[in-house]
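Visitor: Input my_file-v4.txt, format and content: compact mmCIF, C-alpha atoms.
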```txt
# COMPACT_ATOMS: atom_id res chain seq x y z
CA MET A 18 -3.18 27.29 -5.42
CA SER A 19 -4.14 24.20 -3.44
CA ALA A 20 -5.18 24.30 0.20
CA VAL A 21 -1.97 22.45 1.12
CA GLU A 22 0.20 25.03 -0.66
CA ALA A 23 -1.73 27.86 0.98
CA ARG A 24 -1.22 26.30 4.41
CA GLY A 25 2.52 25.98 3.76
CA ALA A 26 2.75 29.63 2.72
CA VAL A 27 0.78 30.79 5.76
CA GLU A 28 2.96 28.73 8.10
CA ALA A 29 6.15 30.11 6.53
CA VAL A 30 5.02 33.73 6.85
CA TRP A 31 3.80 33.17 10.39
CA ARG A 32 7.13 31.63 11.41
CA MET A 33 9.05 34.65 10.15
CA GLU A 34 6.67 37.51 10.93
CA SER A 35 4.44 36.44 13.85
CA ALA A 36 6.11 38.64 16.46
CA ARG A 37 5.98 41.72 14.22
CA ILE A 38 2.34 41.15 13.33
CA VAL A 39 1.18 40.52 16.89
CA GLY A 40 3.33 43.41 18.14
CA ALA A 41 1.88 45.84 15.63
CA LEU A 42 -1.69 44.73 16.41
CA ALA A 43 -1.02 45.03 20.15
CA ARG A 44 0.23 48.58 19.68
CA TYR A 45 -2.85 49.45 17.63
CA THR A 46 -5.36 47.98 20.03
CA GLY A 47 -3.57 48.36 23.36
CA ASP A 48 -4.80 44.85 24.17
CA PHE A 49 -2.17 42.12 23.99
CA PRO A 50 -4.42 39.02 24.33
CA LEU A 51 -6.82 40.49 21.75
CA ALA A 52 -3.90 41.13 19.38
CA GLU A 53 -2.97 37.45 19.27
CA ASP A 54 -6.62 36.45 18.75
CA LEU A 55 -6.85 38.89 15.84
CA ALA A 56 -3.64 37.51 14.33
CA GLN A 57 -5.01 33.97 14.56
CA GLU A 58 -8.24 35.08 12.86
CA ALA A 59 -6.18 36.66 10.08
CA LEU A 60 -4.32 33.36 9.64
CA ALA A 61 -7.59 31.47 9.37
CA GLU A 62 -8.80 33.90 6.71
CA ALA A 63 -5.50 33.60 4.81
CA LEU A 64 -5.89 29.81 4.58
CA VAL A 65 -9.10 30.33 2.63
CA SER A 66 -8.25 33.47 0.67
CA TRP A 67 -4.76 32.48 -0.46
CA SER A 68 -5.89 29.12 -1.76
CA VAL A 69 -8.39 30.94 -3.99
CA ASN A 70 -6.60 34.18 -4.88
CA GLY A 71 -2.96 33.17 -4.50
CA ILE A 72 -0.28 34.57 -2.18
CA PRO A 73 -0.38 38.38 -2.00
CA ALA A 74 2.65 40.44 -2.94
CA GLU A 75 3.14 41.46 0.73
CA PRO A 76 1.87 38.47 2.73
CA ALA A 77 2.85 39.88 6.13
CA GLY A 78 1.21 43.19 5.31
CA TRP A 79 -1.90 41.29 4.15
CA LEU A 80 -2.12 39.52 7.50
CA LEU A 81 -1.67 42.77 9.40
CA THR A 82 -4.31 44.53 7.30
CA THR A 83 -6.76 41.70 7.89
CA GLY A 84 -6.00 41.69 11.61
CA ARG A 85 -6.60 45.44 11.85
CA ARG A 86 -9.89 45.13 10.00
CA ARG A 87 -10.92 42.43 12.41
CA ALA A 88 -9.96 44.80 15.23
CA ILE A 89 -12.20 47.49 13.82
CA ASP A 90 -15.09 45.03 13.60
CA THR A 91 -14.47 43.95 17.19
CA PHE A 92 -14.40 47.53 18.50
CA ARG A 93 -17.54 48.41 16.61
CA ARG A 94 -19.32 45.47 18.20
CA ARG A 95 -18.22 46.75 21.58
CA ALA A 96 -19.09 50.36 20.79
CA ALA A 97 -22.42 50.25 22.57
CA ARG A 98 -20.69 49.05 25.72
CA ASP A 99 -17.50 51.08 25.65
CA GLU A 100 -17.14 54.51 24.06
CA LYS A 101 -13.34 54.30 24.12
CA TYR A 102 -13.34 51.36 21.75
CA ALA A 103 -15.73 53.15 19.43
CA LEU A 104 -13.36 56.13 19.20
CA LEU A 105 -10.37 53.88 18.59
CA ALA A 106 -12.21 52.04 15.84
CA SER A 107 -12.98 55.36 14.19
CA ASP A 108 -9.32 56.41 14.37
CA LEU A 109 -8.12 53.12 12.92
CA ALA A 110 -10.60 53.19 10.06
CA ALA A 111 -9.65 56.75 9.14
CA GLU A 112 -5.93 56.11 8.74
CA GLU A 113 -4.42 56.83 5.35
CA PRO A 114 -3.89 54.03 2.80
CA GLY A 115 -0.51 52.42 3.19
CA ALA A 116 -0.63 52.44 6.99
CA ASP A 117 -1.12 48.67 6.94
CA THR A 118 2.54 48.02 6.18
CA LEU A 119 4.84 46.79 8.93
CA PHE A 120 6.48 50.22 9.31
CA ASP A 121 10.18 50.96 9.27
CA PRO A 122 12.70 48.52 10.73
CA ASP A 123 13.28 50.54 13.91
CA ALA A 124 9.58 50.62 14.73
CA ILE A 125 9.33 46.89 14.11
CA ASP A 126 12.17 46.30 16.55
CA ASP A 127 10.42 48.38 19.19
CA ASP A 128 7.19 46.43 18.66
CA VAL A 129 8.86 43.04 19.04
CA LEU A 130 10.78 44.03 22.16
CA ALA A 131 7.69 45.66 23.64
CA LEU A 132 5.84 42.41 23.02
CA MET A 133 8.58 40.47 24.81
CA PHE A 134 8.61 42.82 27.80
CA ILE A 135 4.83 42.61 28.10
CA SER A 136 4.87 38.81 27.98
CA CYS A 137 7.56 38.85 30.66
CA HIS A 138 5.44 41.00 33.00
CA PRO A 139 6.07 40.18 36.69
CA VAL A 140 2.34 39.65 37.21
CA LEU A 141 2.96 36.25 35.61
CA ALA A 142 4.84 33.34 37.14
CA LYS A 143 8.33 32.91 35.65
CA GLU A 144 7.49 29.67 33.82
CA SER A 145 4.29 31.17 32.37
CA ARG A 146 5.88 34.42 31.23
CA ILE A 147 8.70 32.61 29.40
CA ALA A 148 6.34 30.06 27.81
CA LEU A 149 3.99 32.82 26.61
CA THR A 150 6.81 34.91 25.19
CA LEU A 151 8.29 31.96 23.34
CA ARG A 152 4.89 31.24 21.85
CA VAL A 153 3.92 34.78 20.85
CA ALA A 154 7.17 36.65 20.32
CA GLY A 155 9.36 33.69 19.46
CA GLY A 156 6.86 31.91 17.23
CA LEU A 157 7.68 28.50 18.76
CA GLY A 158 5.09 25.75 18.90
CA SER A 159 3.84 24.26 22.16
CA ASP A 160 5.78 21.05 21.49
CA GLU A 161 9.05 22.95 20.98
CA ILE A 162 8.52 24.94 24.18
CA ALA A 163 7.63 21.78 26.10
CA LYS A 164 10.94 20.20 25.06
CA ALA A 165 12.82 23.30 26.21
CA PHE A 166 11.15 23.06 29.63
CA LEU A 167 11.28 19.23 29.75
CA VAL A 168 7.55 19.08 30.58
CA PRO A 169 4.45 17.69 28.79
CA VAL A 170 2.87 19.73 25.98
CA ALA A 171 -0.41 19.97 27.92
CA THR A 172 1.41 21.69 30.77
CA ILE A 173 2.81 24.35 28.43
CA GLN A 174 -0.57 24.93 26.79
CA ALA A 175 -2.18 25.41 30.21
CA ARG A 176 0.53 27.89 31.25
CA ILE A 177 0.07 29.94 28.08
CA THR A 178 -3.71 30.02 28.47
CA ARG A 179 -3.47 31.14 32.11
CA ALA A 180 -0.88 33.77 31.20
CA LYS A 181 -3.12 35.33 28.54
CA LYS A 182 -6.06 35.49 30.95
CA THR A 183 -3.87 37.04 33.65
CA LEU A 184 -2.55 39.76 31.33
CA ALA A 185 -6.06 40.56 30.17
CA ALA A 186 -7.33 40.79 33.75
CA ALA A 187 -4.39 42.98 34.79
CA GLN A 188 -4.94 45.29 31.77
CA VAL A 189 -1.22 45.41 31.06
CA PRO A 190 -0.46 48.30 28.65
CA PHE A 191 1.47 47.75 25.42
CA ALA A 192 4.74 49.61 25.98
CA VAL A 193 8.41 49.02 26.67
CA PRO A 194 8.59 49.59 30.43
CA GLU A 195 10.58 52.39 32.02
CA PRO A 196 14.16 51.53 33.13
CA PRO A 197 13.30 50.50 36.73
CA GLU A 198 10.62 48.05 35.53
CA ARG A 199 12.74 47.02 32.58
CA ALA A 200 15.52 45.79 34.88
CA GLU A 201 13.00 43.62 36.73
CA ARG A 202 11.96 41.87 33.51
CA LEU A 203 15.34 41.77 31.76
CA GLY A 204 16.30 38.33 33.04
CA SER A 205 13.16 36.73 31.61
CA VAL A 206 13.59 38.51 28.26
CA LEU A 207 17.18 37.27 28.03
CA ASN A 208 16.04 33.75 28.86
CA VAL A 209 13.48 33.88 26.06
CA ILE A 210 16.00 35.14 23.50
CA TYR A 211 18.41 32.42 24.59
CA LEU A 212 15.77 29.69 24.22
CA ILE A 213 14.80 30.99 20.77
CA PHE A 214 18.45 30.87 19.73
CA THR A 215 18.85 27.39 21.20
CA GLU A 216 15.89 26.11 19.20
CA GLY A 217 17.44 27.68 16.11
CA SER A 218 20.85 26.15 16.82
CA PHE A 219 19.59 22.66 17.64
CA ALA A 220 16.06 22.27 16.32
CA SER A 221 14.04 19.99 18.59
CA GLY A 222 11.86 18.72 15.75
CA GLY A 223 11.39 18.71 12.00
CA ALA A 224 13.86 17.85 9.26
CA GLU A 225 16.36 20.71 9.73
CA TRP A 226 19.12 20.43 12.29
CA ILE A 227 19.77 24.20 12.29
CA ARG A 228 17.06 26.85 11.86
CA THR A 229 19.23 29.79 10.88
CA ASP A 230 16.22 32.12 10.55
CA LEU A 231 15.26 31.55 14.18
CA ALA A 232 18.84 31.83 15.44
CA GLY A 233 19.31 34.99 13.37
CA GLU A 234 16.16 36.54 14.83
CA ALA A 235 17.43 35.88 18.35
CA ARG A 236 20.75 37.55 17.54
CA ARG A 237 18.92 40.54 16.05
CA LEU A 238 16.73 40.91 19.14
CA ALA A 239 19.77 40.83 21.41
CA ARG A 240 21.51 43.54 19.37
CA VAL A 241 18.42 45.74 19.65
CA LEU A 242 18.08 44.98 23.35
CA VAL A 243 21.66 45.96 24.18
CA ARG A 244 20.95 49.48 22.89
CA ILE A 245 18.30 50.04 25.57
CA ALA A 246 19.85 47.80 28.24
CA PRO A 247 23.67 47.73 27.87
CA GLU A 248 24.07 45.33 30.80
CA PRO A 249 26.95 42.83 31.15
CA GLU A 250 24.66 39.81 30.87
CA VAL A 251 23.19 41.13 27.61
CA PHE A 252 26.73 41.31 26.23
CA GLY A 253 27.32 37.82 27.62
CA LEU A 254 24.33 36.48 25.70
CA ILE A 255 25.42 38.23 22.51
CA ALA A 256 28.87 36.71 22.92
CA LEU A 257 27.42 33.24 23.43
CA MET A 258 25.22 33.49 20.33
CA GLU A 259 27.96 34.90 18.10
CA LEU A 260 30.52 32.29 19.15
CA THR A 261 27.99 29.48 18.71
CA ALA A 262 26.69 30.75 15.36
CA ALA A 263 30.28 31.02 14.12
CA ARG A 264 30.28 27.22 13.78
CA PHE A 265 27.08 27.09 11.70
CA PRO A 266 28.86 27.06 8.28
CA ALA A 267 30.73 23.88 9.24
CA ARG A 268 27.91 22.04 10.99
CA LEU A 269 26.30 20.77 7.76
CA ASP A 270 27.95 19.04 4.81
CA ALA A 271 27.23 19.71 1.15
CA SER A 272 24.16 17.45 1.34
CA GLY A 273 22.80 19.21 4.41
CA ARG A 274 23.68 16.38 6.80
CA PRO A 275 24.96 17.22 10.30
CA VAL A 276 28.71 17.30 10.90
CA LEU A 277 29.78 16.74 14.50
CA LEU A 278 32.32 18.98 16.24
CA GLU A 279 35.24 16.56 15.94
CA ASP A 280 34.72 16.28 12.15
CA GLN A 281 34.15 19.95 11.35
CA ASP A 282 36.47 21.88 9.08
CA ARG A 283 37.35 24.74 11.41
CA ARG A 284 38.55 26.82 8.48
CA ARG A 285 34.87 27.24 7.63
CA TRP A 286 34.03 28.78 11.00
CA ASP A 287 32.93 32.41 10.71
CA GLN A 288 35.93 34.36 11.98
CA ALA A 289 34.03 37.66 11.96
CA ALA A 290 31.41 36.17 14.28
CA ILE A 291 34.18 34.87 16.54
CA ARG A 292 35.72 38.34 16.74
CA ARG A 293 32.33 39.89 17.53
CA GLY A 294 31.67 37.24 20.16
CA ARG A 295 35.02 37.67 21.87
CA ALA A 296 34.62 41.46 21.86
CA ALA A 297 31.17 41.16 23.47
CA LEU A 298 32.56 38.70 26.03
CA ALA A 299 35.33 41.20 26.87
CA ARG A 300 32.65 43.86 27.45
CA ALA A 301 30.79 41.50 29.78
CA ALA A 302 33.95 40.57 31.69
CA GLY A 303 35.09 44.18 31.87
CA SER A 304 32.11 45.26 33.96
CA GLY A 305 33.79 44.18 37.17
CA ARG A 306 30.68 42.32 38.33
CA GLY A 307 31.79 38.85 37.31
CA LEU A 308 30.33 36.77 34.51
CA GLY A 309 26.75 35.59 34.68
CA ALA A 310 25.30 32.38 33.27
CA TYR A 311 25.44 33.55 29.66
CA GLY A 312 28.94 34.93 30.05
CA LEU A 313 30.15 31.61 31.47
CA GLN A 314 28.59 29.73 28.54
CA ALA A 315 30.20 32.22 26.17
CA SER A 316 33.56 31.52 27.81
CA ILE A 317 33.04 27.82 27.12
CA ALA A 318 32.19 28.61 23.51
CA GLU A 319 35.32 30.74 23.29
CA CYS A 320 37.44 27.76 24.37
CA HIS A 321 36.13 25.89 21.34
CA ALA A 322 36.48 28.90 19.04
CA VAL A 323 40.18 29.42 19.71
CA ALA A 324 41.20 25.74 19.65
CA HIS A 325 42.66 24.27 16.46
CA SER A 326 41.10 20.86 17.11
CA VAL A 327 39.09 18.87 19.64
CA ALA A 328 42.32 17.40 21.02
CA GLU A 329 43.85 20.86 21.51
CA THR A 330 40.79 22.26 23.31
CA ASP A 331 41.33 23.34 26.92
CA TRP A 332 38.94 20.78 28.40
CA GLN A 333 40.17 21.33 31.95
CA ARG A 334 39.11 24.99 31.74
CA ILE A 335 35.78 23.94 30.27
CA VAL A 336 35.21 21.59 33.23
CA ILE A 337 35.89 24.46 35.65
CA LEU A 338 33.55 26.78 33.74
CA TYR A 339 30.78 24.17 33.79
CA GLU A 340 31.28 23.73 37.54
CA ALA A 341 30.83 27.49 38.00
CA LEU A 342 27.81 27.47 35.71
CA GLY A 343 26.30 24.59 37.66
CA ARG A 344 26.51 26.60 40.86
CA LEU A 345 25.07 29.73 39.26
CA ALA A 346 22.36 28.13 37.11
CA PRO A 347 22.01 24.46 38.10
CA SER A 348 20.25 22.14 35.66
CA PRO A 349 20.59 18.51 34.54
CA VAL A 350 21.64 19.67 31.07
CA VAL A 351 24.52 21.66 32.55
CA GLU A 352 25.52 18.56 34.55
CA LEU A 353 25.40 16.45 31.41
CA ASN A 354 27.58 18.90 29.52
CA ARG A 355 30.05 18.91 32.41
CA ALA A 356 30.14 15.11 32.22
CA VAL A 357 31.08 15.36 28.54
CA ALA A 358 33.87 17.82 29.39
CA VAL A 359 35.11 15.55 32.19
CA ALA A 360 35.17 12.61 29.75
CA MET A 361 37.29 14.66 27.35
CA ALA A 362 39.61 15.92 30.09
CA SER A 363 39.99 12.80 32.27
CA GLY A 364 38.65 9.90 30.23
CA PRO A 365 35.27 8.36 29.37
CA ALA A 366 35.07 6.29 32.58
CA ASP A 367 35.00 9.41 34.75
CA GLY A 368 32.44 11.04 32.48
CA LEU A 369 30.24 7.94 32.42
CA GLU A 370 30.16 7.86 36.21
CA LEU A 371 28.62 11.34 36.22
CA VAL A 372 26.13 10.40 33.49
CA GLU A 373 24.99 7.33 35.41
CA ALA A 374 24.42 9.51 38.49
CA ILE A 375 22.16 11.82 36.46
CA ALA A 376 20.28 8.81 35.08
CA ALA A 377 19.87 7.31 38.57
CA ARG A 378 18.08 10.48 39.70
CA GLY A 379 15.60 10.11 36.84
CA GLU A 380 16.58 13.45 35.33
CA LEU A 381 16.37 13.93 31.56
CA ALA A 382 14.37 10.69 31.38
CA GLY A 383 12.36 11.88 28.39
CA SER A 384 15.27 13.51 26.57
CA HIS A 385 17.44 11.89 23.93
CA LEU A 386 20.48 13.81 25.18
CA LEU A 387 21.34 11.52 28.10
CA PRO A 388 21.31 8.19 26.17
CA ALA A 389 23.13 9.87 23.27
CA VAL A 390 25.95 11.02 25.55
CA ARG A 391 25.95 7.70 27.37
CA GLY A 392 26.23 5.87 24.05
CA GLU A 393 29.24 7.98 23.05
CA MET A 394 31.06 7.24 26.29
CA LEU A 395 30.28 3.53 26.17
CA THR A 396 31.61 3.44 22.60
CA ARG A 397 34.89 5.02 23.72
CA LEU A 398 35.11 2.39 26.48
CA GLY A 399 34.67 -0.42 23.94
CA ARG A 400 31.33 -1.56 25.39
CA HIS A 401 29.74 -1.70 21.96
CA ASP A 402 26.58 -3.68 22.77
CA ASP A 403 25.67 -1.34 25.63
CA ALA A 404 26.57 1.66 23.48
CA ARG A 405 24.34 0.53 20.63
CA SER A 406 21.44 -0.02 23.03
CA ALA A 407 21.87 3.51 24.42
CA LEU A 408 22.11 5.06 20.97
CA LEU A 409 18.95 3.28 19.81
CA GLN A 410 17.18 4.63 22.88
CA ALA A 411 18.35 8.12 21.87
CA VAL A 412 17.03 7.52 18.34
CA ALA A 413 13.61 6.63 19.74
CA LEU A 414 13.49 9.82 21.85
CA CYS A 415 14.97 12.27 19.32
CA GLY A 416 12.45 14.54 17.60
CA ASN A 417 14.76 15.98 14.95
CA ALA A 418 15.07 13.93 11.77
CA ALA A 419 18.62 15.07 10.91
CA GLU A 420 20.00 14.38 14.37
CA ARG A 421 18.10 11.08 14.53
CA ALA A 422 19.84 9.96 11.35
CA VAL A 423 23.26 10.71 12.89
CA LEU A 424 22.40 8.68 15.99
CA GLN A 425 21.08 5.79 13.89
CA ARG A 426 24.25 5.78 11.79
CA LYS A 427 26.38 5.56 14.92
CA ALA A 428 24.28 2.69 16.23
CA ASP A 429 24.56 0.87 12.91
CA GLU A 430 28.34 1.19 12.95
CA LEU A 431 28.37 -0.79 16.20
CA SER A 432 26.40 -3.73 14.76
```
Could you spell out this file's structure in structure tokens?
Guide:
Amino acid sequence: MSAVEARGAVEAVWRMESARIVGALARYTGDFPLAEDLAQEALAEALVSWSVNGIPAEPAGWLLTTGRRRAIDTFRRRAARDEKYALLASDLAAEEPGADTLFDPDAIDDDVLALMFISCHPVLAKESRIALTLRVAGGLGSDEIAKAFLVPVATIQARITRAKKTLAAAQVPFAVPEPPERAERLGSVLNVIYLIFTEGSFASGGAEWIRTDLAGEARRLARVLVRIAPEPEVFGLIALMELTAARFPARLDASGRPVLLEDQDRRRWDQAAIRRGRAALARAAGSGRGLGAYGLQASIAECHAVAHSVAETDWQRIVILYEALGRLAPSPVVELNRAVAVAMASGPADGLELVEAIAARGELAGSHLLPAVRGEMLTRLGRHDDARSALLQAVALCGNAAERAVLQRKADELS
């Protein structure tokens, strides 16, 4: 196997199994920052070994085994300084063959969630805890996280580095916290799961428009989380993800090219996912506490799910829901989405006025979303030259190849 093929295999396994591997190593060692270092060392060794010996039958297990052996070596080096590590190294080395597997599915789930709760420890600033969790538990790259936060990549890398050092200094134990502490961290964990799902639903980079593996992992994590924290907002997030994922089968054509909402064959939408989403939304609404940010977004998704077409969608209700969401969780992206809803409900001129106000404040300046939306509205107003200019600006800013092709095609149609 060539070095290039080995690198591709390592990257694929790491994308799918990174959280499980780091979580298992953290549970073994009791040292979260060390666990990620060990996992990275195992990756480096795999790049060399797999190119010579081929991909092992259980690549994730191979990485975990290698990481554990590196842990033993590390503890032995520390043995003279710390008797505890020497004893732990002895225990790890003495375990029976076969213990290097990734355990049963339930244990894996506990490890991943424990990893997320650790990364979302309140000793860290909110931005740092979410960035670290996305990197370690979500397996997202620094560039993908930077796009989610709308900040430079260097800023994200600095936050992650500081977060690791802080956790190490605080000697945070590897464990799912008790219920009182769990409630304190739940909001950050939900935010991380949501951002993982968002990256899966609308990939910020690469050739794929939808990363179903990433979106599926987020849905799985939420289902596990609701068993230990059956809170309304957890149900709200599950509802949002199910109702959004229901459209996945219709979002790509037979050639794998993106299909926009107005062109989708709604008969291909996953009706089972819609039923699950609406049931979860009913659970969230039935709590009597009012819907949170995820529940409001799920309600918007439900409006799309029950409509027979774009024209028959209750856009007035969507505008109201976005207004509520903007008060509860204000952000320029929420404002932009409200502008789209206003354009659909009242006409593109009203929507464009809101978009221009966002642009005047300098918000979303580095994102392709604003010029893409602006281009759509200008097209509907018949201002084709301005629309083409906006769409080409969106093309230049878009990091996803599939979405970039859609934007370029729209610009070309206006030539």
Visitor: Go ahead and compute the interatomic distance for atom CA of A:Leu353 and atom CA of A:Asp160, in Å to one decimal.
Guide: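 Those two atoms sit 22.5 Å apart.
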Visitor: Could you work out how far atom CA of A:Glu216 lies from atom CA of A:Ala232, giving the answer in Å with one decimal?
Guide: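 Between atom CA of A:Ala232 and atom CA of A:Glu216 the gap works out to 7.5 Å.
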Visitor: Which polymer residues have any atom within 12 Å of an atom of A:Val323, counting all atoms listed in the file, with same-chain residues fewer than 2 positions away left out, as a PDB file with C-alpha atoms, keeping the file's coordinate frame?
Guide:
```
ATOM      1  CA  LEU A 260      30.520  32.290  19.150  1.00  0.00           C
ATOM      2  CA  ALA A 263      30.280  31.020  14.120  1.00  0.00           C
ATOM      3  CA  ARG A 264      30.280  27.220  13.780  1.00  0.00           C
ATOM      4  CA  ARG A 283      37.350  24.740  11.410  1.00  0.00           C
ATOM      5  CA  ARG A 284      38.550  26.820   8.480  1.00  0.00           C
ATOM      6  CA  TRP A 286      34.030  28.780  11.000  1.00  0.00           C
ATOM      7  CA  ASP A 287      32.930  32.410  10.710  1.00  0.00           C
ATOM      8  CA  GLN A 288      35.930  34.360  11.980  1.00  0.00           C
ATOM      9  CA  ILE A 291      34.180  34.870  16.540  1.00  0.00           C
ATOM     10  CA  ARG A 292      35.720  38.340  16.740  1.00  0.00           C
ATOM     11  CA  GLY A 294      31.670  37.240  20.160  1.00  0.00           C
ATOM     12  CA  ARG A 295      35.020  37.670  21.870  1.00  0.00           C
ATOM     13  CA  SER A 316      33.560  31.520  27.810  1.00  0.00           C
ATOM     14  CA  ILE A 317      33.040  27.820  27.120  1.00  0.00           C
ATOM     15  CA  ALA A 318      32.190  28.610  23.510  1.00  0.00           C
ATOM     16  CA  GLU A 319      35.320  30.740  23.290  1.00  0.00           C
ATOM     17  CA  CYS A 320      37.440  27.760  24.370  1.00  0.00           C
ATOM     18  CA  HIS A 321      36.130  25.890  21.340  1.00  0.00           C
ATOM     19  CA  HIS A 325      42.660  24.270  16.460  1.00  0.00           C
ATOM     20  CA  SER A 326      41.100  20.860  17.110  1.00  0.00           C
ATOM     21  CA  VAL A 327      39.090  18.870  19.640  1.00  0.00           C
ATOM     22  CA  GLU A 329      43.850  20.860  21.510  1.00  0.00           C
ATOM     23  CA  THR A 330      40.790  22.260  23.310  1.00  0.00           C
ATOM     24  CA  ASP A 331      41.330  23.340  26.920  1.00  0.00           C
TER      25      ASP A 331
END
```
Visitor: Find the spatial neighbours of A:Leu167, counting all atoms listed in the file, within a cut-off of 12 Å - ignore same-chain residues fewer than 6 positions away - and output them as a ChimeraX atom specification.
Guide: /A:144,159-161,173,221,348-350,380-386
Visitor: I need the chosen residues saved as a short mmCIF file (atom, residue, chain, number, x, y, z; two decimals), in the frame of the given file, with C-alpha atoms.
Guide:
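Printed below is selection_22.cif as written:
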```
data_model
loop_
_atom_site.label_atom_id
_atom_site.label_comp_id
_atom_site.auth_asym_id
_atom_site.auth_seq_id
_atom_site.Cartn_x
_atom_site.Cartn_y
_atom_site.Cartn_z
CA GLU A 144 7.49 29.67 33.82
CA SER A 159 3.84 24.26 22.16
CA ASP A 160 5.78 21.05 21.49
CA GLU A 161 9.05 22.95 20.98
CA ILE A 173 2.81 24.35 28.43
CA SER A 221 14.04 19.99 18.59
CA SER A 348 20.25 22.14 35.66
CA PRO A 349 20.59 18.51 34.54
CA VAL A 350 21.64 19.67 31.07
CA GLU A 380 16.58 13.45 35.33
CA LEU A 381 16.37 13.93 31.56
CA ALA A 382 14.37 10.69 31.38
CA GLY A 383 12.36 11.88 28.39
CA SER A 384 15.27 13.51 26.57
CA HIS A 385 17.44 11.89 23.93
CA LEU A 386 20.48 13.81 25.18
#
```
Visitor: Quote the spacing between atom CA of A:Arg228 and atom CA of A:Glu34 in Å to one decimal place.
Guide: 14.9 Å
Visitor: Given the choices A:Gln281, A:Ser432, A:Thr91, A:Ser19, which gets closest to A:His401 if the distance is worked out from all atoms listed in the file?
Guide: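 Closest residue, counting all atoms listed in the file: A:Ser432.
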Visitor: Out of A:Val140, A:Val357, A:Val412, A:Ile135, which residue has the shortest atom-to-atom distance to A:Val336 when counting all atoms listed in the file?
Guide: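 Going through A:Val140, A:Val357, A:Val412, A:Ile135 one by one, the smallest distance to A:Val336 is for A:Val357.
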Visitor: Which one of A:Leu414, A:Ala187, A:Ala131, A:Leu55 sits closest to A:Ile245 if you count all atoms listed in the file?
Guide: A:Ala131
Visitor: If you count all atoms listed in the file, which residues fall within 9 Å of A:Arg405, apart from same-chain ones fewer than 5 positions away, as a PDB file with C-alpha atoms, in the coordinates of the input?
Guide:
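To be explicit, this is the file written out as part.pdb:
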```pdb
ATOM      1  CA  GLY A 392      26.230   5.870  24.050  1.00  0.00           C
ATOM      2  CA  LEU A 395      30.280   3.530  26.170  1.00  0.00           C
ATOM      3  CA  THR A 396      31.610   3.440  22.600  1.00  0.00           C
ATOM      4  CA  ARG A 400      31.330  -1.560  25.390  1.00  0.00           C
ATOM      5  CA  GLN A 410      17.180   4.630  22.880  1.00  0.00           C
ATOM      6  CA  LYS A 427      26.380   5.560  14.920  1.00  0.00           C
ATOM      7  CA  ALA A 428      24.280   2.690  16.230  1.00  0.00           C
ATOM      8  CA  ASP A 429      24.560   0.870  12.910  1.00  0.00           C
ATOM      9  CA  GLU A 430      28.340   1.190  12.950  1.00  0.00           C
ATOM     10  CA  LEU A 431      28.370  -0.790  16.200  1.00  0.00           C
ATOM     11  CA  SER A 432      26.400  -3.730  14.760  1.00  0.00           C
TER      12      SER A 432
END
```
Visitor: Which residue, A:Leu42, A:Ala185, A:Glu373, A:Leu387, has the smallest gap to A:Asn354 when you use only C-alpha atoms?
Guide: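 Nearest to A:Asn354: A:Leu387.
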Visitor: Which residues come within 10 Å of A:Gln57, counting only C-alpha atoms, excluding same-chain residues fewer than 4 positions away, as a ChimeraX atom specification?
Guide: /A:31,35,39,51-53,61-63,80,84
Visitor: Give as a list in words each residue that has an atom at most 10 Å from (31.9, 43.7, 32.1) in the file, counting only C-alpha atoms.
Guide: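 Residues lying no farther than 10 Å from the given point: Glu248, Pro249, Glu250, Phe252, Gly253, Ala297, Leu298, Ala299, Arg300, Ala301, Ala302, Gly303, Ser304, Gly305, Arg306, Gly307, Leu308, Gly309 and Gly312 of chain A.
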